[in-house]
$ cat model11.txt   # compact mmCIF, C-alpha atoms
# COMPACT_ATOMS: atom_id res chain seq x y z
CA LEU A 1 -15.44 -8.52 -9.33
CA ASP A 2 -14.11 -8.72 -12.89
CA LYS A 3 -17.72 -8.67 -14.06
CA TRP A 4 -17.74 -4.87 -13.59
CA PRO A 5 -18.83 -3.33 -15.88
CA THR A 6 -21.42 -6.01 -16.60
CA MET A 7 -20.03 -8.62 -18.94
CA THR A 8 -22.03 -10.49 -21.55
CA LYS A 9 -21.05 -14.16 -21.45
CA ARG A 10 -20.27 -14.68 -25.10
CA GLU A 11 -20.28 -18.37 -25.91
CA LEU A 12 -17.19 -19.09 -27.99
CA GLY A 13 -17.62 -22.86 -27.95
CA PRO A 14 -15.33 -25.34 -26.21
CA ILE A 15 -11.76 -24.18 -25.75
CA SER A 16 -9.43 -26.32 -27.86
CA TYR A 17 -6.54 -26.64 -25.44
CA ASP A 18 -4.68 -29.05 -27.75
CA MET A 19 -4.86 -26.79 -30.80
CA VAL A 20 -1.32 -25.65 -31.64
CA SER A 21 -0.30 -23.80 -34.78
CA ARG A 22 1.98 -25.91 -36.98
CA ASP A 23 3.22 -23.17 -39.30
CA LYS A 24 4.87 -20.87 -36.78
CA GLU A 25 6.32 -20.77 -33.31
CA PRO A 26 3.67 -20.92 -30.56
CA PRO A 27 2.92 -17.60 -28.83
CA GLN A 28 5.05 -16.82 -25.82
CA LEU A 29 3.39 -16.64 -22.40
CA SER A 30 4.58 -14.46 -19.51
CA MET A 31 3.49 -14.75 -15.87
CA CYS A 32 3.23 -11.40 -14.07
CA MET A 33 3.11 -11.07 -10.28
CA ILE A 34 3.40 -8.35 -7.67
CA ALA A 35 4.73 -9.21 -4.23
CA ARG A 36 5.72 -7.77 -0.88
CA ASP A 37 6.89 -9.72 2.17
CA ASN A 38 5.49 -12.98 0.77
CA GLU A 39 8.33 -15.37 1.62
CA ARG A 40 5.78 -17.73 3.19
CA THR A 41 3.92 -18.41 -0.08
CA ILE A 42 5.81 -17.17 -3.13
CA GLU A 43 8.02 -20.21 -3.67
CA GLN A 44 5.08 -22.59 -3.93
CA ALA A 45 3.29 -20.16 -6.26
CA LEU A 46 6.23 -19.79 -8.64
CA LEU A 47 7.15 -23.47 -8.70
CA SER A 48 3.58 -24.38 -9.59
CA VAL A 49 3.46 -22.08 -12.63
CA HIS A 50 7.09 -22.30 -13.79
CA PRO A 51 6.66 -25.33 -16.13
CA TRP A 52 3.81 -23.69 -18.05
CA VAL A 53 5.16 -20.22 -18.91
CA ASP A 54 8.09 -18.82 -20.86
CA GLU A 55 9.06 -16.19 -18.31
CA MET A 56 8.09 -15.10 -14.80
CA ILE A 57 8.09 -11.43 -13.85
CA VAL A 58 7.89 -10.53 -10.15
CA VAL A 59 7.56 -6.85 -9.26
CA ASP A 60 8.55 -6.35 -5.64
CA THR A 61 6.90 -3.36 -3.97
CA GLY A 62 9.18 -3.04 -0.93
CA SER A 63 9.82 -6.37 0.76
CA THR A 64 11.87 -6.50 3.94
CA ASP A 65 11.99 -10.31 3.98
CA ARG A 66 13.47 -12.87 1.55
CA THR A 67 10.74 -12.53 -1.10
CA PRO A 68 13.01 -11.14 -3.89
CA GLU A 69 15.73 -13.71 -3.18
CA ILE A 70 13.27 -16.61 -3.27
CA ALA A 71 11.69 -15.33 -6.48
CA GLU A 72 15.05 -15.13 -8.23
CA ARG A 73 15.99 -18.59 -7.01
CA CYS A 74 12.77 -19.93 -8.54
CA GLY A 75 13.70 -18.49 -11.93
CA ALA A 76 11.76 -15.21 -11.89
CA ARG A 77 13.06 -11.87 -13.08
CA VAL A 78 12.61 -9.46 -10.17
CA GLU A 79 11.92 -5.78 -10.76
CA ARG A 80 11.37 -3.10 -8.11
CA PHE A 81 8.44 -0.71 -7.80
CA GLU A 82 7.94 1.91 -5.12
CA TRP A 83 4.59 1.24 -3.47
CA CYS A 84 2.12 4.13 -3.83
CA ASP A 85 -1.14 2.68 -2.48
CA ASP A 86 -2.15 1.69 -6.02
CA PHE A 87 -2.48 -1.97 -6.99
CA ALA A 88 -3.24 -1.12 -10.63
CA ALA A 89 -0.02 0.89 -10.92
CA ALA A 90 1.99 -2.03 -9.51
CA ARG A 91 0.32 -4.58 -11.76
CA ASN A 92 0.84 -2.38 -14.80
CA ALA A 93 4.53 -2.19 -13.94
CA SER A 94 4.66 -5.98 -14.07
CA LEU A 95 2.92 -6.00 -17.46
CA ARG A 96 5.39 -3.47 -18.88
CA HIS A 97 8.35 -5.69 -18.01
CA ALA A 98 6.86 -8.77 -19.71
CA THR A 99 7.94 -9.78 -23.22
CA GLY A 100 5.44 -12.55 -24.03
CA ASP A 101 2.61 -12.33 -26.56
CA TRP A 102 0.16 -13.16 -23.76
CA LEU A 103 0.28 -12.17 -20.10
CA PHE A 104 -1.07 -14.25 -17.24
CA TRP A 105 -1.23 -12.64 -13.81
CA MET A 106 -1.44 -14.41 -10.50
CA ASP A 107 -1.01 -13.50 -6.86
CA SER A 108 1.89 -14.57 -4.70
CA ASP A 109 -0.39 -16.86 -2.67
CA ASP A 110 -1.98 -18.57 -5.70
CA THR A 111 -1.00 -21.96 -7.09
CA ILE A 112 -1.98 -23.80 -10.25
CA THR A 113 -2.30 -27.56 -10.66
CA GLU A 114 -0.61 -29.56 -13.44
CA GLU A 115 -3.92 -30.14 -15.21
CA ASN A 116 -4.75 -26.44 -15.22
CA GLY A 117 -1.16 -25.54 -16.07
CA ARG A 118 -1.27 -27.67 -19.22
CA LYS A 119 -4.50 -25.99 -20.30
CA LEU A 120 -2.96 -22.59 -19.59
CA ARG A 121 0.11 -23.43 -21.68
CA ALA A 122 -2.05 -24.40 -24.68
CA LEU A 123 -4.46 -21.48 -24.45
CA PRO A 124 -2.47 -18.82 -26.39
CA ALA A 125 -2.31 -21.12 -29.44
CA SER A 126 -5.99 -22.08 -29.34
CA ASP A 127 -8.46 -21.00 -32.02
CA ASP A 128 -10.22 -18.75 -29.52
CA ALA A 129 -7.04 -16.80 -28.85
CA GLN A 130 -7.21 -15.50 -32.41
CA ARG A 131 -10.56 -13.82 -31.70
CA VAL A 132 -10.26 -12.38 -28.20
CA HIS A 133 -8.13 -9.96 -26.21
CA GLY A 134 -8.40 -11.75 -22.88
CA PHE A 135 -9.57 -14.88 -21.10
CA VAL A 136 -11.59 -15.34 -17.93
CA LEU A 137 -10.18 -17.84 -15.45
CA GLN A 138 -11.49 -18.72 -12.03
CA VAL A 139 -9.94 -18.21 -8.62
CA HIS A 140 -10.92 -20.86 -6.07
CA CYS A 141 -10.70 -19.56 -2.52
CA GLY A 142 -10.93 -21.74 0.56
CA SER A 143 -11.46 -25.49 0.87
CA ASP A 144 -12.85 -27.78 -1.82
CA ASP A 145 -16.02 -28.76 0.03
CA ALA A 146 -19.26 -27.20 -1.18
CA GLN A 147 -19.65 -24.96 1.85
CA GLY A 148 -16.09 -23.74 2.16
CA LYS A 149 -15.10 -22.75 -1.38
CA THR A 150 -15.70 -19.40 -3.06
CA VAL A 151 -15.29 -19.16 -6.83
CA VAL A 152 -14.52 -15.80 -8.45
CA ASP A 153 -14.21 -14.99 -12.16
CA HIS A 154 -11.27 -12.81 -13.22
CA VAL A 155 -9.84 -11.74 -16.55
CA LYS A 156 -6.44 -13.26 -15.74
CA MET A 157 -4.88 -13.60 -19.18
CA VAL A 158 -4.60 -10.79 -21.73
CA ARG A 159 -2.81 -9.89 -24.92
CA ASN A 160 0.41 -7.94 -24.44
CA LEU A 161 -0.82 -4.61 -25.75
CA PRO A 162 -0.02 -1.18 -24.24
CA GLU A 163 -3.72 -0.30 -24.38
CA ILE A 164 -4.64 -3.16 -22.06
CA ARG A 165 -3.91 -2.06 -18.52
CA PHE A 166 -5.38 -2.28 -15.02
CA GLU A 167 -7.23 0.60 -13.39
CA GLY A 168 -8.42 1.31 -9.84
CA ARG A 169 -6.26 1.68 -6.75
CA ILE A 170 -7.66 -1.53 -5.23
CA HIS A 171 -9.78 -4.41 -6.60
CA GLU A 172 -8.10 -3.36 -9.82
CA GLN A 173 -9.73 -4.29 -13.13
CA VAL A 174 -8.35 -4.91 -16.62
CA LEU A 175 -11.67 -5.54 -18.37
CA PRO A 176 -12.62 -1.85 -18.89
CA SER A 177 -9.50 -1.25 -20.99
CA ILE A 178 -10.35 -4.28 -23.16
CA ARG A 179 -13.88 -2.95 -23.64
CA ARG A 180 -12.58 0.49 -24.64
CA ILE A 181 -10.67 -0.93 -27.61
CA GLY A 182 -13.65 -3.03 -28.67
CA GLY A 183 -12.13 -6.29 -27.47
CA GLU A 184 -13.88 -9.45 -26.38
CA VAL A 185 -13.04 -12.02 -23.71
CA GLY A 186 -13.27 -15.79 -23.81
CA TRP A 187 -14.36 -18.07 -21.00
CA THR A 188 -12.37 -21.08 -19.81
CA ASP A 189 -12.62 -23.74 -17.12
CA ILE A 190 -9.04 -23.08 -15.97
CA TYR A 191 -8.60 -22.07 -12.35
CA VAL A 192 -5.96 -21.21 -9.79
CA ASN A 193 -6.16 -21.95 -6.08
CA HIS A 194 -5.97 -18.97 -3.76
CA SER A 195 -5.01 -20.74 -0.57
CA GLY A 196 -2.22 -18.80 1.09
CA ALA A 197 -4.09 -15.80 2.49
CA ASP A 198 -3.40 -14.75 6.07
CA TYR A 199 -6.65 -15.33 7.98
CA SER A 200 -5.20 -14.60 11.41
CA GLN A 201 -6.87 -11.86 13.43
CA GLU A 202 -3.79 -9.66 13.06
CA GLY A 203 -3.55 -10.33 9.33
CA GLN A 204 -7.20 -9.55 8.69
CA ALA A 205 -7.05 -6.35 10.76
CA LYS A 206 -4.02 -5.20 8.78
CA LYS A 207 -5.76 -5.96 5.48
CA LEU A 208 -8.92 -4.11 6.55
CA GLU A 209 -6.92 -1.01 7.53
CA ARG A 210 -5.09 -1.05 4.21
CA ASP A 211 -8.22 -1.59 2.12
CA LEU A 212 -10.17 1.20 3.79
CA ARG A 213 -7.21 3.58 3.49
CA ILE A 214 -6.80 2.94 -0.24
CA LEU A 215 -10.54 2.97 -0.91
CA SER A 216 -10.75 6.36 0.76
CA GLN A 217 -8.14 7.66 -1.71
CA ASP A 218 -10.02 6.03 -4.57
CA LEU A 219 -13.24 7.70 -3.44
CA THR A 220 -11.54 11.12 -3.41
CA GLU A 221 -10.41 10.59 -6.99
CA ARG A 222 -13.62 8.95 -8.25
CA PRO A 223 -16.41 10.06 -5.87
CA SER A 224 -19.31 8.82 -8.02
CA HIS A 225 -17.83 5.62 -9.40
CA PRO A 226 -20.25 2.77 -8.65
CA PHE A 227 -17.50 0.17 -8.30
CA VAL A 228 -15.60 2.25 -5.75
CA LEU A 229 -18.80 2.73 -3.74
CA PHE A 230 -19.59 -0.97 -4.03
CA ASN A 231 -16.14 -1.94 -2.72
CA LEU A 232 -16.48 0.47 0.19
CA GLY A 233 -19.85 -1.03 1.02
CA MET A 234 -18.59 -4.60 0.92
CA THR A 235 -15.48 -3.76 2.94
CA HIS A 236 -17.55 -2.09 5.66
CA ALA A 237 -19.93 -5.05 5.61
CA ASN A 238 -17.01 -7.43 6.17
CA ALA A 239 -15.90 -5.22 9.06
CA GLY A 240 -19.37 -5.33 10.63
CA ASN A 241 -20.08 -1.66 9.98
CA CYS A 242 -23.62 -2.30 8.77
CA GLN A 243 -24.92 1.26 8.51
CA GLN A 244 -21.88 2.52 6.59
CA ALA A 245 -22.06 -0.53 4.34
CA THR A 246 -25.72 0.15 3.60
CA ASP A 247 -25.06 3.80 2.82
CA TYR A 248 -22.27 3.07 0.35
CA LEU A 249 -24.16 0.25 -1.36
CA LEU A 250 -27.27 2.38 -1.82
CA ARG A 251 -25.10 5.13 -3.31
CA SER A 252 -23.54 2.58 -5.64
CA ILE A 253 -26.97 1.46 -6.86
CA ALA A 254 -28.09 5.06 -7.33
CA VAL A 255 -25.25 5.88 -9.75
CA SER A 256 -25.22 2.52 -11.58
CA ASP A 257 -26.81 2.05 -14.95
$ encode --input "model11.txt" --output "structure tokens"
Amino acid sequence: LDKWPTMTKRELGPISYDMVSRDKEPPQLSMCMIARDNERTIEQALLSVHPWVDEMIVVDTGSTDRTPEIAERCGARVERFEWCDDFAAARNASLRHATGDWLFWMDSDDTITEENGRKLRALPASDDAQRVHGFVLQVHCGSDDAQGKTVVDHVKMVRNLPEIRFEGRIHEQVLPSIRRIGGEVGWTDIYVNHSGADYSQEGQAKKLERDLRILSQDLTERPSHPFVLFNLGMTHANAGNCQQATDYLLRSIAVSD
């Protein structure tokens, strides 16, 4: 989804994960996360990334469980944000609280392995970091076998600049703001595992209701935006609403360039 608008895969050469500047302190790296009622997964997420970042920011959007307490116990700084059916607004709140030179965002049900964590730690001091405003990492969803895993590209690490912010109420994107300031992104082989999603019937029904509600608001605000129409089409397709899915996807194609 982070390929919208269409990204040109600019080959920057191999990432030099071991390249560290010797004449100054290495850039600081902040991890930014939003969370709500994620006590089941957030501890594992934070413990996996803690060794590889200089600070962890968790913006809680209204938990009624132990999520904030667990986050603080794991070493995160917890800030509060009143939920307003806008994922971009919540994510941008987490970016504003971060103090690092580079910002890495992850979800509360993501984890990162030691190998990928070491690469992540070295990335801000790499040669490529001097030339780009963000880096594409992968999110691996599902099992590791060929049939069960889905791989998604996301711009998950960005410079800490006020001009670089997320947009879109849901399926929020940071790439458009990078493009607007003439920035480029680099490609890496680093990935996080997205393995804590709630796939129960109740959990999926709740997610579908939320997504359609927020997408409806997004459509009111941006009625001809191809990405909003695309997301509505895909969400209805996942719900089995084939005719509505077709209608939205055709509208998306019609207004896309």
$ atom_distance --input "model11.txt" --atom1 "atom CA of Pro51 of chain A" --atom2 "atom CA of Ser126 of chain A"
18.6 Å
$ closest_residue --input "model11.txt" --among "A:Leu249, A:Val53, A:Leu232, A:Ala71" --to "Asp218 of chain A" --atoms "only C-alpha atoms"
A:Leu232
$ residues_near_point --input "model11.txt" --point "(1.2, -16.8, 1.7)" --cutoff "7 Å" --atoms "all atoms listed in the file" --output "list in words"
Asn38, Arg40, Thr41, Ile42, Ser108, Asp109, Gly196, Ala197 and Asp198 of chain A
$ closest_residue --input "model11.txt" --among "A:Arg169, A:His50, A:Arg213, A:His236" --to "Gly117 of chain A" --atoms "all atoms listed in the file"
A:His50
$ closest_residue --input "model11.txt" --among "A:Val58, A:Val185, A:Met157, A:Val152" --to "Val132 of chain A" --atoms "all atoms listed in the file"
A:Val185
$ closest_residue --input "model11.txt" --among "A:Asp101, A:Asp86, A:Asp110, A:Glu184" --to "Ser30 of chain A" --atoms "all atoms listed in the file"
A:Asp101
$ residues_around --input "model11.txt" --residues "Glu39 of chain A" --least-positions-apart "4" --cutoff "9 Å" --atoms "all atoms listed in the file" --output "list in words"
Glu43, Asp65, Arg66, Thr67, Pro68, Glu69, Ile70 and Ala71 of chain A
$ residues_around --input "model11.txt" --residues "Glu114 of chain A" --least-positions-apart "3" --cutoff "12 Å" --atoms "all atoms listed in the file" --output "ChimeraX atom specification"
/A:47-52,111,117-121,190-193
$ residues_around --input "model11.txt" --residues "segment 242-246 of chain A" --least-positions-apart "6" --cutoff "12 Å" --atoms "all atoms listed in the file" --output "PyMOL selection string"
chain A and resi 229-236+252-253
$ atom_distance --input "model11.txt" --atom1 "atom CA of Cys141 of chain A" --atom2 "atom CA of Lys207 of chain A"
16.5 Å
$ atom_distance --input "model11.txt" --atom1 "atom CA of Val136 of chain A" --atom2 "atom CA of Ala90 of chain A"
20.8 Å
$ residues_near_point --input "model11.txt" --point "(-3.6, 1.4, -21.2)" --cutoff "12 Å" --atoms "only C-alpha atoms" --output "PyMOL selection string"
chain A and resi 88-89+91-93+95-96+159-167+173-181
$ closest_residue --input "model11.txt" --among "A:Asp153, A:Asp127, A:Asp257, A:Glu55" --to "His97 of chain A" --atoms "all atoms listed in the file"
A:Glu55
$ closest_residue --input "model11.txt" --among "A:Gly142, A:Asp60, A:Asp54, A:Gln217" --to "Tyr199 of chain A" --atoms "only C-alpha atoms"
A:Gly142
$ residues_around --input "model11.txt" --residues "Trp105 of chain A" --least-positions-apart "2" --cutoff "10 Å" --atoms "all atoms listed in the file" --output "NGL selection string"
:A and (30-34 or 56-57 or 91 or 94-95 or 103 or 107-108 or 155-158)
$ axis_aligned_box --input "model11.txt" --around "segment 49-62 of chain A" --padding-each-side "6 Å" --output "lines of an AutoDock Vina configuration file"
center_x = 6.3
center_y = -14.2
center_z = -10.9
size_x = 17.7
size_y = 34.3
size_z = 31.9
$ decode --input "model11.txt" --residues "segment 61-148 of chain A" --atoms "C-alpha atoms" --output "mmCIF file, in the first residue's frame"
data_model
loop_
_atom_site.group_PDB
_atom_site.id
_atom_site.type_symbol
_atom_site.label_atom_id
_atom_site.label_comp_id
_atom_site.auth_asym_id
_atom_site.auth_seq_id
_atom_site.Cartn_x
_atom_site.Cartn_y
_atom_site.Cartn_z
ATOM 1 C CA THR A 61 -5.392 6.149 22.081
ATOM 2 C CA GLY A 62 -7.708 5.109 24.923
ATOM 3 C CA SER A 63 -6.810 1.721 26.359
ATOM 4 C CA THR A 64 -8.967 0.208 29.077
ATOM 5 C CA ASP A 65 -6.544 -2.671 29.708
ATOM 6 C CA ARG A 66 -2.919 -2.773 30.927
ATOM 7 C CA THR A 67 -1.363 -1.585 27.658
ATOM 8 C CA PRO A 68 0.081 1.712 29.026
ATOM 9 C CA GLU A 69 1.421 0.014 32.162
ATOM 10 C CA ILE A 70 3.132 -2.735 30.148
ATOM 11 C CA ALA A 71 4.623 -0.207 27.729
ATOM 12 C CA GLU A 72 6.127 1.831 30.556
ATOM 13 C CA ARG A 73 7.495 -1.297 32.193
ATOM 14 C CA CYS A 74 9.237 -2.171 28.924
ATOM 15 C CA GLY A 75 10.975 1.201 28.858
ATOM 16 C CA ALA A 76 8.678 3.178 26.561
ATOM 17 C CA ARG A 77 7.560 6.751 27.103
ATOM 18 C CA VAL A 78 3.758 6.700 27.003
ATOM 19 C CA GLU A 79 1.785 9.669 25.716
ATOM 20 C CA ARG A 80 -1.993 9.953 25.425
ATOM 21 C CA PHE A 81 -4.025 10.846 22.343
ATOM 22 C CA GLU A 82 -7.795 11.082 22.118
ATOM 23 C CA TRP A 83 -8.928 8.752 19.343
ATOM 24 C CA CYS A 84 -10.725 10.555 16.498
ATOM 25 C CA ASP A 85 -11.117 7.835 13.849
ATOM 26 C CA ASP A 86 -7.872 8.977 12.205
ATOM 27 C CA PHE A 87 -4.819 6.718 12.159
ATOM 28 C CA ALA A 88 -2.656 9.381 10.489
ATOM 29 C CA ALA A 89 -3.429 11.873 13.267
ATOM 30 C CA ALA A 90 -2.454 9.307 15.915
ATOM 31 C CA ARG A 91 0.742 8.327 14.134
ATOM 32 C CA ASN A 92 1.703 11.964 13.654
ATOM 33 C CA ALA A 93 1.257 12.493 17.384
ATOM 34 C CA SER A 94 3.790 9.731 17.993
ATOM 35 C CA LEU A 95 6.236 11.347 15.547
ATOM 36 C CA ARG A 96 5.920 14.724 17.273
ATOM 37 C CA HIS A 97 6.941 13.243 20.620
ATOM 38 C CA ALA A 98 10.078 11.588 19.213
ATOM 39 C CA THR A 99 13.502 13.213 19.596
ATOM 40 C CA GLY A 100 15.665 10.998 17.375
ATOM 41 C CA ASP A 101 17.201 12.000 14.043
ATOM 42 C CA TRP A 102 15.382 9.068 12.415
ATOM 43 C CA LEU A 103 11.957 7.630 13.231
ATOM 44 C CA PHE A 104 10.991 3.986 12.847
ATOM 45 C CA TRP A 105 7.330 3.093 13.245
ATOM 46 C CA MET A 106 5.920 -0.304 14.026
ATOM 47 C CA ASP A 107 2.599 -1.724 15.141
ATOM 48 C CA SER A 108 1.895 -3.129 18.575
ATOM 49 C CA ASP A 109 1.613 -6.643 17.133
ATOM 50 C CA ASP A 110 4.874 -6.494 15.148
ATOM 51 C CA THR A 111 8.192 -7.975 16.225
ATOM 52 C CA ILE A 112 11.697 -7.690 14.820
ATOM 53 C CA THR A 113 14.390 -10.369 14.921
ATOM 54 C CA GLU A 114 17.932 -9.779 16.192
ATOM 55 C CA GLU A 115 19.363 -9.960 12.673
ATOM 56 C CA ASN A 116 16.926 -7.353 11.378
ATOM 57 C CA GLY A 117 17.321 -5.281 14.524
ATOM 58 C CA ARG A 118 21.081 -5.014 13.994
ATOM 59 C CA LYS A 119 20.535 -3.885 10.416
ATOM 60 C CA LEU A 120 17.957 -1.360 11.608
ATOM 61 C CA ARG A 121 20.368 0.028 14.213
ATOM 62 C CA ALA A 122 23.082 0.578 11.581
ATOM 63 C CA LEU A 123 20.812 2.057 8.912
ATOM 64 C CA PRO A 124 20.773 5.740 10.043
ATOM 65 C CA ALA A 125 24.586 5.882 9.819
ATOM 66 C CA SER A 126 24.798 4.190 6.410
ATOM 67 C CA ASP A 127 25.927 6.022 3.288
ATOM 68 C CA ASP A 128 22.421 5.779 1.843
ATOM 69 C CA ALA A 129 20.948 7.627 4.811
ATOM 70 C CA GLN A 130 22.813 10.730 3.671
ATOM 71 C CA ARG A 131 20.900 10.740 0.368
ATOM 72 C CA VAL A 132 17.332 9.786 1.254
ATOM 73 C CA HIS A 133 14.450 10.936 3.439
ATOM 74 C CA GLY A 134 13.039 7.495 4.169
ATOM 75 C CA PHE A 135 13.576 3.759 3.856
ATOM 76 C CA VAL A 136 11.269 0.997 2.682
ATOM 77 C CA LEU A 137 11.107 -2.053 4.938
ATOM 78 C CA GLN A 138 8.945 -5.113 4.564
ATOM 79 C CA VAL A 139 6.156 -6.410 6.756
ATOM 80 C CA HIS A 140 5.825 -10.201 6.743
ATOM 81 C CA CYS A 141 2.303 -11.313 7.582
ATOM 82 C CA GLY A 142 1.325 -14.891 8.344
ATOM 83 C CA SER A 143 3.441 -18.040 8.395
ATOM 84 C CA ASP A 144 6.833 -18.488 6.754
ATOM 85 C CA ASP A 145 5.770 -21.133 4.247
ATOM 86 C CA ALA A 146 5.397 -20.013 0.638
ATOM 87 C CA GLN A 147 1.619 -20.256 0.645
ATOM 88 C CA GLY A 148 0.925 -18.643 3.995
#
